[in-house]
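J.: One structure follows; several queries about it will come next.
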Amino acid sequence: MIDEDTQRELLRQMIRARVFEEAMAEVYMEGKTPAFDIAAGPVPGEMHLAAGQEPVAAGVCANLRPGDAVTATHRPHHIALAHGMDMKKMTAEIFGKETGLGHGKGGHMHLFDPETHFGCSGIVAEGMPTAVGQALAFKKQGKGNVAVAFFGEGAANQGAFHESLNLAALWKLPVIFVCEDNAWAISVPKDAATAIGNNSDRAAAYGIPGALVSDNDVTEVYETAAVALERARAGEGPSLIEVKTDRLLGHFQGDAQLYRTQEQIEELEQRDAIRRYEQALVESEVLDSAEALEIWNRARAEVEEAIEFARSSPYPAPESALTGVFA
Amino acid sequence: MIDEDTQRELLRQMIRARVFEEAMAEVYMEGKTPAFDIAAGPVPGEMHLAAGQEPVAAGVCANLRPGDAVTATHRPHHIALAHGMDMKKMTAEIFGKETGLGHGKGGHMHLFDPETHFGCSGIVAEGMPTAVGQALAFKKQGKGNVAVAFFGEGAANQGAFHESLNLAALWKLPVIFVCEDNAWAISVPKDAATAIGNNSDRAAAYGIPGALVSDNDVTEVYETAAVALERARAGEGPSLIEVKTDRLLGHFQGDAQLYRTQEQIEELEQRDAIRRYEQALVESEVLDSAEALEIWNRARAEVEEAIEFARSSPYPAPESALTGVFA
Amino acid sequence: MTTAETGSETRLLTTSKAMVEAIAQEMERDPSVFLMGEDVGVYGGIFSSTEGLLERFGPERIMDTPISETGFIGAAVGAAIEGMRPIAELMFVDFFGVCMDQIYNHMAKIHYESGGNLNVPMVITTAMGGGYSDGAQHSQTLYGTFAHLPGMKIVIPSNPYDAKGLMTAAIQDDNPVLYFFHKGIMGLGWMTPNPRATDHVPEAPYVVEIGKADVKRSGSDVTIVTVSLMVHRALDAAEALAKDGIDAEVLDLRSLVPLDREAIVDSVTRTGRLLVVDEDYQSFGMSGEVITTAIEGAFDYLDAPPRRLAYPDVPIPYSNPLEQFCLPNAESIAAVARELVNA
Amino acid sequence: MTTAETGSETRLLTTSKAMVEAIAQEMERDPSVFLMGEDVGVYGGIFSSTEGLLERFGPERIMDTPISETGFIGAAVGAAIEGMRPIAELMFVDFFGVCMDQIYNHMAKIHYESGGNLNVPMVITTAMGGGYSDGAQHSQTLYGTFAHLPGMKIVIPSNPYDAKGLMTAAIQDDNPVLYFFHKGIMGLGWMTPNPRATDHVPEAPYVVEIGKADVKRSGSDVTIVTVSLMVHRALDAAEALAKDGIDAEVLDLRSLVPLDREAIVDSVTRTGRLLVVDEDYQSFGMSGEVITTAIEGAFDYLDAPPRRLAYPDVPIPYSNPLEQFCLPNAESIAAVARELVNA
Ligand SMILES: Cc1ncc(C[n+]2csc(CCOP(=O)(O)OP(=O)(O)O)c2C)c(N)n1
Ligand SMILES: Cc1ncc(C[n+]2csc(CCOP(=O)(O)OP(=O)(O)O)c2C)c(N)n1
Ligand SMILES: [Mg+2]
Ligand SMILES: [Mg+2]
């Protein structure tokens, strides 16, 4: 049974991420209407939002300790926030500003934060070996820390998945592999890409535990991750966790989603995991509706502040592009 | 029960390969003594011999039909021969001669033969996707043919293994994956590289059958391959077969094998699968000792002839190096 | 702008539609052609490079793949040596690192290693180029990387007409061909509008020969050699230069392998001045090769040392002012051309 | 031949032993240094690049890996950003295609993308080069491919002294460094003997600065620019040329990134003639970059158009006469140099 503080924290983290993503969806369209130009507006480039996938990030990251590392993908915001990344610096990076994490050089798919040991990569599955290496370093340094690699179900058919799991299992490294199975890789459904139903079954190919969380439930994610993390911290090696989750929006903003029906999308919205969890906490009296509303409002204020910070920050000097290739 | 003709043929193929490898081991040293120089002699470069692994090649290839394709690795001779490659052209290629399969451009790791649909690659595991593609072509062409990818147990930890198996399983392609588990990848033993004991267990990660042949027995290889091939020809998709086999020699010629003991090597020699099979056939009266000797003698004559052909063939014109990049 | 005469009706097409038309016509003509890649089916290609093909040819010939580039590009190699003519899409060229072994150690070498006994007739299509803040892993051009490695032809169209004719040629070629399309020339509704991304294209199939550069604007004072989107920037620069009385020739290489060295030498011999514009990283790439070609073939005709304006040797930054600072554009091209002419 | 003064005893060492000594000394000094790769343990590296290290440092710091280059090179990247200083061996550079994404999209870019907040202090060691009939997938040099892509330093020693000093520098560098060693300079007992592969090497640790070219022979008539084994071939050629009264300077670049453009320009300014010798594929690579550098910096000092002698743009053939035909050697270098001087 998860204690009540943690339950409220899980809800809070999911709400923060959701509010952030919804705000991004709006900001992203600024300057891009009426004629959509991907390069235009305060937030240019591709924008992959994770609305619907918050339970995975919140449930896993709530188990992490200072010094634990996380690598994420092209869809990193919910994870970065749950792992404690500074929302202002993150937003400023997404706006391409000097005050951003990478002074505008990284962008939305390249959020690197030494403070929270967070990194991400836009190359599918290729963030996974980084986590393996972080875990290797932790083991060598005797730190007791763990690394977590998040990746999509689409990534599980890439060679890097296989090599990462084998290496981590072989060397009994403190790393957790978390597959966010949102059923889609852009327009390609999982069953058109993956020869079996559940990636968690692939854990057996490496002799490690594989756990399946089948309905995007933050409680179950939390508890499953706790077991895996305990194992990792005890020096018993990696685990693979697969969470069936939902991608409520398009692959990226602007995706017309012609590959799925409006009904399918509405169905996902109806089973929204955050609303479900919020309701459950209210019903079990962990919080009341007013407190829930307060969480939403605080998240809105925090996100607004972060966006305001990003907006009002200066762009980096153009010629700074030429520096910083080497330390 | 395998019919007697086939039994004799299995023995014959294994013996041909063994005699070939032993001859190569000798020829390879020509011009390299007393001071070993890898570039010297009639057969320069790396030389990976497969003595000990003949049951895998013979047992699988005896099931193949004209038009079936095979891809092999850096250690390809036994497979090429069992699959019907012309021994003369193959030997000439290994000698770098104009009469070789690739007119001297390929060499020992790059034997390509359109007649037998044979190819190989020196990059570990990267020959596997080729076989998947050949199977894809056969399916599209409605040919009823099958492709077979041979690879080592070391290759099973490379990303290409994973991608190939998933793709083949997903598309139900007529392809067989045959892992020659000789327990070593150069100097690295399997258990220092592979998180689980049997690669055949990895078949489950792709929802395909995985079969284990545990003692380098050509009969068992033959029968296991027969099942897999039937399945493939019936349109039911790929299978993974793992054979525990023995590498009697070093990784390549010149390898001092400091990573294993002389005793270990002798143990392997003592359980030599060819001698065992020969004895069994004599005991079960499939052939008598004279007939067995005759097989050895014929193989020796064939190999000698091939080497003689290679020796007496001319080198390609040096400037031919510059042509043939494009068709 | 077009050199070939086809005698057929032309229509205004975007580059992406022209490219798709070539694929469709070759698929009609030759049943051994099929296409594989990520999101090439219902989605029609992230950059509309396969739009409408699934509807027309069905899922057996237009195949969505897992995210397994080594797997499916390797499978294309295997299918090609068995007589098929696969087209495989690598969604962004930036992803080459996950499948390069199949591309350069297998696709590009098997013909040679086999002593000519096997052909590998396949096409890899891939999107390149930045300018829209897609960051360091989604904005590169990288054609120099591929052009350095022998055994594959490298084709880089700049406009709809060439896109169609070069695609037809690529599919018909018995060799592996890498076909790079710049996102900014495709004529996509969601990229910064580019008037040159739509043009008259003949309906009937035709071939633009691989290995022939094309003078997109002739001039007498300076030769600007480049490819793809930078052809458009160079043409804009040439217009500005014309107002200053500088007559620039714009040579579109169209392919890097084979490289039309004769065309480079010929143009430089006439103008005496060379500027190479390159969206790929500056060092060890196209700009050095083109300049060296001019040195080897037209040294005595040079009135000034050749110049280059390339993407600097830095990863591609995300932030718009940073990225735009790095990219050559009409103004910076014209500025260097002026310096060169006045040198 | 050596420029740095270390004041310590020297011994005759092969290149491989000099390289290993640097690794061992850095591992003694800095507990965060460790080494991973295939057959780096008991075997000691296929080309003796790690000989004796396992015995000395044990399996925790000298780690044999599975054949999973993406996995373990990626793990090196992850370990590096967490404060370790890994050395990862890619057994042959020819295998880069199975792990290039980790190398150029991760190792080389994370520092830049992070706005300088993360360092990736790691070394990739890799064997290159042919000449001994190892075929198209095991004989390449490929340094041009890596030098084209920003974010990693490229170091290519030619002799024992440089091998040690550059290795020390590479390990101490806070940036990713690719360290290419040519099999033919290692001094292996089983390769064609090479007298320059053994030389005096100081016992005490020392650094050869990355990014500084070295004049291996000074001369006044022609500058021969090259790296690694081709430095030896060029020195042999220079001896032959001296007999003809031609005084050749041999400039060993030692690193391609950073490229010591000043040294190239300086030498060419003095000699007026440039020959680039390159074991990598000719086009779109080192030879073009060096020539362009000379054009940019010393155009007015050139007495003749620069020349290049490179590996031709063909995959590497297996058969000895074919491969030797393609490789530059002392005779062919001297022949081109003579043409250049007499031009
Ligand atoms: C190696 C590689 N191939 C293709 C892509 C293009 N791409 C980006 S995201 C994506 C889909 C990823 O699907 P999944 O792993 O399920 O993550 P999701 O987008 O669902 O979060 C693809 C194909 C890429 N970035 N990297
Ligand atoms: C991608 C790649 N990495 C490393 C090598 C070097 N190498 C050649 S063979 C070999 C061992 C292969 O072991 P295994 O797959 O078990 O085949 P075996 O040699 O035992 O037949 C290695 C590491 C290579 N050729 N390709
Ligand atoms: Mg997904
Ligand atoms: Mg093995």
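Labels for the structure tokens follow display order: chains A, B, ..., residues from 1 in each chain, ligands from 1.
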May I have the residues within 7 Å of ligand 1, computed using only C-alpha atoms and all ligand atoms, as a list in words?

T.: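 Answer in the requested format: His74, Arg75, Gly122, Ile123, Val124, Ala125, Phe151, Gly152, Glu153, Gly154, Ala155, Glu180, Asp181, Asn182, Ala183, Trp184, Ala185, Ile186 and His251 of chain A; Glu38, Ile67, Glu69, Met91, Phe95 and Val98 of chain C.
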
J.: If you count only C-alpha atoms, which residues fall within 12 Å of Ile316 (chain C), apart from same-chain ones fewer than 5 positions away, as a VMD selection string?

T.: (chain A and resid 104 to 107 110 320 to 325) or (chain C and resid 94 129 to 142 279 to 281 311 321 to 327) or (chain D and resid 105 108 to 110 112 to 113 149 to 151)

J.: Take the residues that were just selected and, keeping C-alpha atoms, output them as a PDB file, in the first residue's frame.

T.:
```pdb
ATOM      1  CA  GLY A 104      19.576  26.746 -26.789  1.00  0.00           C
ATOM      2  CA  LYS A 105      21.912  24.251 -28.386  1.00  0.00           C
ATOM      3  CA  GLY A 106      19.994  21.125 -27.425  1.00  0.00           C
ATOM      4  CA  GLY A 107      16.273  21.739 -27.747  1.00  0.00           C
ATOM      5  CA  HIS A 110      18.170  17.043 -26.134  1.00  0.00           C
ATOM      6  CA  SER A 320      27.836  31.200 -29.803  1.00  0.00           C
ATOM      7  CA  ALA A 321      26.850  28.441 -32.246  1.00  0.00           C
ATOM      8  CA  LEU A 322      30.505  28.178 -33.147  1.00  0.00           C
ATOM      9  CA  THR A 323      31.792  27.522 -29.658  1.00  0.00           C
ATOM     10  CA  GLY A 324      31.359  24.666 -27.253  1.00  0.00           C
ATOM     11  CA  VAL A 325      32.142  21.804 -29.607  1.00  0.00           C
TER      12      VAL A 325
ATOM     13  CA  ASP C  94      20.908  11.400 -39.451  1.00  0.00           C
ATOM     14  CA  GLY C 129      18.690  19.119 -44.122  1.00  0.00           C
ATOM     15  CA  GLY C 130      17.820  21.557 -41.434  1.00  0.00           C
ATOM     16  CA  GLY C 131      16.854  25.157 -40.940  1.00  0.00           C
ATOM     17  CA  TYR C 132      13.702  24.435 -38.946  1.00  0.00           C
ATOM     18  CA  SER C 133      15.121  23.777 -35.473  1.00  0.00           C
ATOM     19  CA  ASP C 134      15.122  20.028 -35.458  1.00  0.00           C
ATOM     20  CA  GLY C 135      18.361  19.856 -33.515  1.00  0.00           C
ATOM     21  CA  ALA C 136      21.634  18.015 -33.806  1.00  0.00           C
ATOM     22  CA  GLN C 137      20.228  14.586 -34.664  1.00  0.00           C
ATOM     23  CA  HIS C 138      17.594  15.541 -37.261  1.00  0.00           C
ATOM     24  CA  SER C 139      19.009  18.347 -39.366  1.00  0.00           C
ATOM     25  CA  GLN C 140      22.139  17.100 -41.045  1.00  0.00           C
ATOM     26  CA  THR C 141      22.866  16.597 -44.735  1.00  0.00           C
ATOM     27  CA  LEU C 142      25.792  14.161 -44.445  1.00  0.00           C
ATOM     28  CA  GLU C 279      25.155  22.565 -46.348  1.00  0.00           C
ATOM     29  CA  ASP C 280      27.208  19.636 -45.121  1.00  0.00           C
ATOM     30  CA  TYR C 281      29.960  20.060 -42.535  1.00  0.00           C
ATOM     31  CA  TYR C 311      28.133  24.451 -42.681  1.00  0.00           C
ATOM     32  CA  PRO C 321      19.304  32.290 -34.348  1.00  0.00           C
ATOM     33  CA  LEU C 322      22.146  29.829 -33.800  1.00  0.00           C
ATOM     34  CA  GLU C 323      21.148  27.522 -36.607  1.00  0.00           C
ATOM     35  CA  GLN C 324      20.503  30.335 -39.065  1.00  0.00           C
ATOM     36  CA  PHE C 325      23.886  31.803 -38.222  1.00  0.00           C
ATOM     37  CA  CYS C 326      25.491  28.571 -39.363  1.00  0.00           C
ATOM     38  CA  LEU C 327      23.563  27.960 -42.570  1.00  0.00           C
TER      39      LEU C 327
ATOM     40  CA  ASN D 105      25.214  11.157 -32.586  1.00  0.00           C
ATOM     41  CA  ALA D 108      30.454  13.490 -30.281  1.00  0.00           C
ATOM     42  CA  LYS D 109      27.393  15.673 -29.674  1.00  0.00           C
ATOM     43  CA  ILE D 110      26.380  15.460 -26.025  1.00  0.00           C
ATOM     44  CA  TYR D 112      27.593  20.574 -27.444  1.00  0.00           C
ATOM     45  CA  GLU D 113      23.900  19.756 -27.021  1.00  0.00           C
ATOM     46  CA  LEU D 149      31.788  14.747 -38.393  1.00  0.00           C
ATOM     47  CA  PRO D 150      32.218  17.367 -35.698  1.00  0.00           C
ATOM     48  CA  GLY D 151      32.670  16.764 -32.001  1.00  0.00           C
TER      49      GLY D 151
END
```

J.: Calculated over only C-alpha atoms and all ligand atoms, which of the candidates D:Gly78, D:Pro66, D:Pro317, D:Pro176 has the smallest distance to ligand 2?

T.: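 Result for the nearest residue to ligand 2: D:Pro66.
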
J.: May I ask you to extract the residues of chain B within 9 Å of chain C, using only C-alpha atoms, and to give them as a PyMOL selection string?

T.: chain B and resi 100-107+110-114+117+119+121+123+126-138+140-141+159-167+323-327

J.: Just C-alpha atoms for this one: save the residues we selected as a PDB file, in the first residue's frame.

T.:
```
ATOM      1  CA  GLY B 100      38.174 -17.566 -58.142  1.00  0.00           C
ATOM      2  CA  LEU B 101      34.528 -16.882 -57.498  1.00  0.00           C
ATOM      3  CA  GLY B 102      35.188 -13.174 -57.146  1.00  0.00           C
ATOM      4  CA  HIS B 103      38.232 -13.038 -59.418  1.00  0.00           C
ATOM      5  CA  GLY B 104      40.305 -12.442 -56.293  1.00  0.00           C
ATOM      6  CA  LYS B 105      38.394  -9.423 -55.121  1.00  0.00           C
ATOM      7  CA  GLY B 106      36.506 -11.141 -52.333  1.00  0.00           C
ATOM      8  CA  GLY B 107      38.731 -13.615 -50.557  1.00  0.00           C
ATOM      9  CA  HIS B 110      33.685 -12.927 -49.086  1.00  0.00           C
ATOM     10  CA  LEU B 111      32.654 -15.958 -51.065  1.00  0.00           C
ATOM     11  CA  PHE B 112      29.680 -15.115 -53.249  1.00  0.00           C
ATOM     12  CA  ASP B 113      28.141 -17.665 -55.514  1.00  0.00           C
ATOM     13  CA  PRO B 114      24.989 -16.841 -57.441  1.00  0.00           C
ATOM     14  CA  HIS B 117      22.792 -18.498 -53.691  1.00  0.00           C
ATOM     15  CA  GLY B 119      27.104 -15.373 -49.585  1.00  0.00           C
ATOM     16  CA  SER B 121      30.195 -11.480 -44.508  1.00  0.00           C
ATOM     17  CA  ILE B 123      31.004  -8.489 -39.984  1.00  0.00           C
ATOM     18  CA  GLU B 126      25.511  -8.630 -40.280  1.00  0.00           C
ATOM     19  CA  GLY B 127      25.048 -11.465 -42.738  1.00  0.00           C
ATOM     20  CA  MET B 128      21.753 -12.298 -41.088  1.00  0.00           C
ATOM     21  CA  PRO B 129      19.637  -9.482 -42.573  1.00  0.00           C
ATOM     22  CA  THR B 130      20.760 -10.593 -46.028  1.00  0.00           C
ATOM     23  CA  ALA B 131      19.115 -13.970 -45.461  1.00  0.00           C
ATOM     24  CA  VAL B 132      15.962 -12.278 -44.231  1.00  0.00           C
ATOM     25  CA  GLY B 133      15.887 -10.310 -47.456  1.00  0.00           C
ATOM     26  CA  GLN B 134      16.490 -13.375 -49.567  1.00  0.00           C
ATOM     27  CA  ALA B 135      13.568 -15.047 -47.814  1.00  0.00           C
ATOM     28  CA  LEU B 136      11.483 -11.966 -48.423  1.00  0.00           C
ATOM     29  CA  ALA B 137      12.326 -12.129 -52.116  1.00  0.00           C
ATOM     30  CA  PHE B 138      11.465 -15.831 -52.258  1.00  0.00           C
ATOM     31  CA  LYS B 140       7.336 -12.325 -53.030  1.00  0.00           C
ATOM     32  CA  GLN B 141       8.450 -14.418 -55.965  1.00  0.00           C
ATOM     33  CA  GLY B 159      21.789  -5.904 -32.645  1.00  0.00           C
ATOM     34  CA  ALA B 160      21.455  -7.384 -36.136  1.00  0.00           C
ATOM     35  CA  PHE B 161      20.502 -10.736 -34.601  1.00  0.00           C
ATOM     36  CA  HIS B 162      17.565  -9.193 -32.805  1.00  0.00           C
ATOM     37  CA  GLU B 163      16.330  -7.143 -35.735  1.00  0.00           C
ATOM     38  CA  SER B 164      16.633 -10.059 -38.123  1.00  0.00           C
ATOM     39  CA  LEU B 165      14.681 -12.458 -35.972  1.00  0.00           C
ATOM     40  CA  ASN B 166      11.939  -9.984 -35.222  1.00  0.00           C
ATOM     41  CA  LEU B 167      11.541  -9.003 -38.860  1.00  0.00           C
ATOM     42  CA  THR B 323      37.090  -1.848 -62.235  1.00  0.00           C
ATOM     43  CA  GLY B 324      33.930  -3.535 -61.111  1.00  0.00           C
ATOM     44  CA  VAL B 325      32.850  -1.053 -58.479  1.00  0.00           C
ATOM     45  CA  PHE B 326      29.673  -0.468 -60.424  1.00  0.00           C
ATOM     46  CA  ALA B 327      27.737  -2.794 -62.691  1.00  0.00           C
TER      47      ALA B 327
END
```

J.: Please provide the set of residues having any atom within 9 Å of region 230-242 of chain B, restricted to only C-alpha atoms, with same-chain residues fewer than 6 positions apart removed, written as a PyMOL selection string.

T.: chain B and resi 139+144-146+153+165+168-181+198-203+208-214+221+224

J.: Output N, CA and C atoms for every residue in that selection, as a short mmCIF file (atom, residue, chain, number, x, y, z; two decimals), in the first residue's frame.

T.:
```
data_model
loop_
_atom_site.label_atom_id
_atom_site.label_comp_id
_atom_site.auth_asym_id
_atom_site.auth_seq_id
_atom_site.Cartn_x
_atom_site.Cartn_y
_atom_site.Cartn_z
N LYS B 139 9.55 -15.22 -50.94
CA LYS B 139 8.12 -15.16 -50.64
C LYS B 139 7.39 -14.32 -51.70
N GLY B 144 8.91 -20.78 -53.09
CA GLY B 144 8.98 -21.96 -52.23
C GLY B 144 10.37 -22.23 -51.70
N ASN B 145 11.29 -21.33 -51.94
CA ASN B 145 12.64 -21.53 -51.42
C ASN B 145 12.79 -20.95 -50.02
N VAL B 146 13.88 -21.36 -49.41
CA VAL B 146 14.16 -20.96 -48.04
C VAL B 146 15.56 -20.36 -48.00
N GLU B 153 27.70 -18.09 -31.82
CA GLU B 153 27.02 -17.69 -30.58
C GLU B 153 27.44 -16.29 -30.18
N LEU B 165 15.66 -11.49 -36.44
CA LEU B 165 14.68 -12.46 -35.97
C LEU B 165 13.30 -11.83 -35.86
N ALA B 168 11.85 -11.31 -39.44
CA ALA B 168 11.49 -12.58 -40.07
C ALA B 168 10.24 -13.18 -39.44
N ALA B 169 10.17 -13.09 -38.12
CA ALA B 169 9.01 -13.65 -37.41
C ALA B 169 7.76 -12.84 -37.74
N LEU B 170 7.92 -11.53 -37.72
CA LEU B 170 6.79 -10.63 -37.99
C LEU B 170 6.20 -10.90 -39.36
N TRP B 171 7.07 -11.05 -40.33
CA TRP B 171 6.61 -11.23 -41.72
C TRP B 171 6.50 -12.71 -42.11
N LYS B 172 6.68 -13.58 -41.13
CA LYS B 172 6.56 -15.03 -41.37
C LYS B 172 7.37 -15.46 -42.61
N LEU B 173 8.63 -15.12 -42.59
CA LEU B 173 9.46 -15.39 -43.77
C LEU B 173 10.07 -16.79 -43.71
N PRO B 174 10.30 -17.37 -44.87
CA PRO B 174 10.91 -18.70 -44.91
C PRO B 174 12.42 -18.63 -44.70
N VAL B 175 12.81 -18.50 -43.45
CA VAL B 175 14.22 -18.39 -43.15
C VAL B 175 14.51 -19.19 -41.87
N ILE B 176 15.69 -19.80 -41.85
CA ILE B 176 16.13 -20.55 -40.67
C ILE B 176 17.38 -19.88 -40.13
N PHE B 177 17.39 -19.65 -38.86
CA PHE B 177 18.56 -19.07 -38.23
C PHE B 177 19.31 -20.18 -37.49
N VAL B 178 20.55 -20.38 -37.88
CA VAL B 178 21.32 -21.48 -37.29
C VAL B 178 22.52 -20.93 -36.54
N CYS B 179 22.49 -21.09 -35.23
CA CYS B 179 23.57 -20.59 -34.39
C CYS B 179 24.59 -21.71 -34.15
N GLU B 180 25.79 -21.49 -34.60
CA GLU B 180 26.88 -22.43 -34.33
C GLU B 180 27.52 -22.02 -33.02
N ASP B 181 27.08 -22.64 -31.94
CA ASP B 181 27.63 -22.30 -30.64
C ASP B 181 28.88 -23.13 -30.38
N ASN B 198 21.36 -20.65 -23.24
CA ASN B 198 21.05 -21.15 -24.58
C ASN B 198 20.38 -20.09 -25.44
N ASN B 199 21.02 -19.80 -26.54
CA ASN B 199 20.41 -18.83 -27.45
C ASN B 199 19.09 -19.32 -28.02
N SER B 200 18.90 -20.64 -28.06
CA SER B 200 17.63 -21.13 -28.58
C SER B 200 16.47 -20.62 -27.74
N ASP B 201 16.73 -20.30 -26.48
CA ASP B 201 15.66 -19.74 -25.64
C ASP B 201 15.25 -18.35 -26.09
N ARG B 202 16.10 -17.71 -26.85
CA ARG B 202 15.76 -16.36 -27.31
C ARG B 202 14.68 -16.38 -28.39
N ALA B 203 14.40 -17.54 -28.94
CA ALA B 203 13.35 -17.64 -29.95
C ALA B 203 12.02 -17.14 -29.41
N ILE B 208 8.78 -17.60 -32.07
CA ILE B 208 9.09 -18.64 -33.06
C ILE B 208 9.69 -19.84 -32.34
N PRO B 209 9.71 -21.01 -32.98
CA PRO B 209 10.30 -22.17 -32.33
C PRO B 209 11.81 -22.01 -32.18
N GLY B 210 12.30 -22.46 -31.06
CA GLY B 210 13.74 -22.48 -30.82
C GLY B 210 14.14 -23.91 -30.47
N ALA B 211 15.11 -24.42 -31.19
CA ALA B 211 15.50 -25.82 -30.95
C ALA B 211 16.96 -25.88 -30.57
N LEU B 212 17.27 -26.77 -29.67
CA LEU B 212 18.64 -26.92 -29.22
C LEU B 212 19.17 -28.30 -29.59
N VAL B 213 20.31 -28.30 -30.26
CA VAL B 213 20.99 -29.57 -30.53
C VAL B 213 22.23 -29.54 -29.64
N SER B 214 22.26 -30.46 -28.69
CA SER B 214 23.20 -30.22 -27.60
C SER B 214 24.53 -30.94 -27.72
N VAL B 221 21.15 -32.61 -35.89
CA VAL B 221 21.09 -31.37 -36.66
C VAL B 221 20.20 -31.57 -37.88
N THR B 224 16.52 -31.81 -36.84
CA THR B 224 16.02 -30.53 -36.34
C THR B 224 15.82 -29.55 -37.49
#
```

J.: Show me, as a ChimeraX atom specification, the residues that have an atom within 9 Å of Leu268 (chain B) when counting only C-alpha atoms, minus same-chain residues fewer than 6 positions from it.

T.: /B:52,246-248

J.: Applying 12 Å and only C-alpha atoms, which residues near region 22-28 of chain C remain after dropping the ones on its own chain fewer than 2 positions away? List them as a VMD selection string.

T.: chain C and resid 13 15 to 20 30 to 35 49 to 58 61 to 62 84 to 88 123 125 160 to 173 201 to 208

J.: Where in region 70-311 of chain A does DSSP assign alpha helix (DSSP H), given as an NGL selection string?

T.: :A and (77-82 or 87-94 or 128-141 or 159-170 or 218-233 or 262-270 or 273-283 or 289-311)

J.: Work out how far CA of Val336 (chain D) is from CA of Asp260 (chain C), in Å to one decimal.

T.: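 Result for CA of Asp260 (chain C) versus CA of Val336 (chain D): 24.4 Å, one decimal.
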
J.: For chain C, which residue among D:Met63, D:Ile224, D:Ala147, D:Val177 is the nearest when counting only C-alpha atoms?

T.: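 Residue with the minimum atom-to-atom distance to chain C: D:Ala147.
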
J.: CA of Glu283 (chain B) and CA of Thr245 (chain B) are how many Å apart?

T.: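 Result for CA of Glu283 (chain B) versus CA of Thr245 (chain B): 23.2 Å, one decimal.
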
J.: Report as a list of chain:residue names all protein, DNA and RNA residues lying within 10 Å of Ala226 (chain A), evaluated on only C-alpha atoms, omitting residues in the same chain fewer than 5 positions from it.

T.: A:Gly59, A:Val60, A:Cys61, A:Ala62, A:Asn63, A:Leu64, A:Glu220, A:Val221, A:Arg231, A:Ala232

J.: At a cut-off of 6 Å, which residues of chain D touch chain C? Count only C-alpha atoms and give the answer as a list in words.

T.: Gly97, Val98, Met100, Asp101, Thr145, His148, Pro150, Ser283, Phe284, Gly285, Met286, Gly288, Glu289, Thr292, Asp313 and Val314 of chain D

J.: I'd like to know which residues of region 186-263 of chain B are strand (DSSP E or B) (by DSSP, run on the backbone); could you write them as an MDAnalysis selection string?

T.: chainID B and resid 188:189 210:213 239:244

J.: Can you list, as an MDAnalysis selection string, every protein, DNA or RNA residue that comes within 8 Å of Arg217 (chain C) when you count only C-alpha atoms, leaving out same-chain residues fewer than 5 positions away?

T.: chainID C and resid 235 248:251

J.: Export, as a PDB file, in the first residue's frame, the selected residues with C-alpha atoms.

T.:
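Okay, this is what ended up in out.pdb:
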```pdb
ATOM      1  CA  LEU C 235      20.151  31.219 -57.500  1.00  0.00           C
ATOM      2  CA  ALA C 248      27.262  34.113 -61.551  1.00  0.00           C
ATOM      3  CA  GLU C 249      26.994  30.625 -62.931  1.00  0.00           C
ATOM      4  CA  VAL C 250      25.195  28.126 -60.716  1.00  0.00           C
ATOM      5  CA  LEU C 251      26.232  24.542 -61.216  1.00  0.00           C
TER       6      LEU C 251
END
```

J.: What's the separation between CA of Val286 (chain B) and CA of Ala273 (chain B), in Å to one decimal place?

T.: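 CA of Ala273 (chain B) lies at a distance of 16.9 Å from CA of Val286 (chain B).
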
J.: From the set B:Asp191, B:Asp37, B:Glu54, B:Glu305, which residue has the shortest atom-to-atom contact distance to chain A, counting only C-alpha atoms?

T.: B:Asp191

J.: Counting only C-alpha atoms, which of B:Phe20, B:Phe95, B:Tyr206, B:Tyr28 gets nearest to chain A?

T.: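 Distance minimum relative to chain A lands on B:Tyr206.
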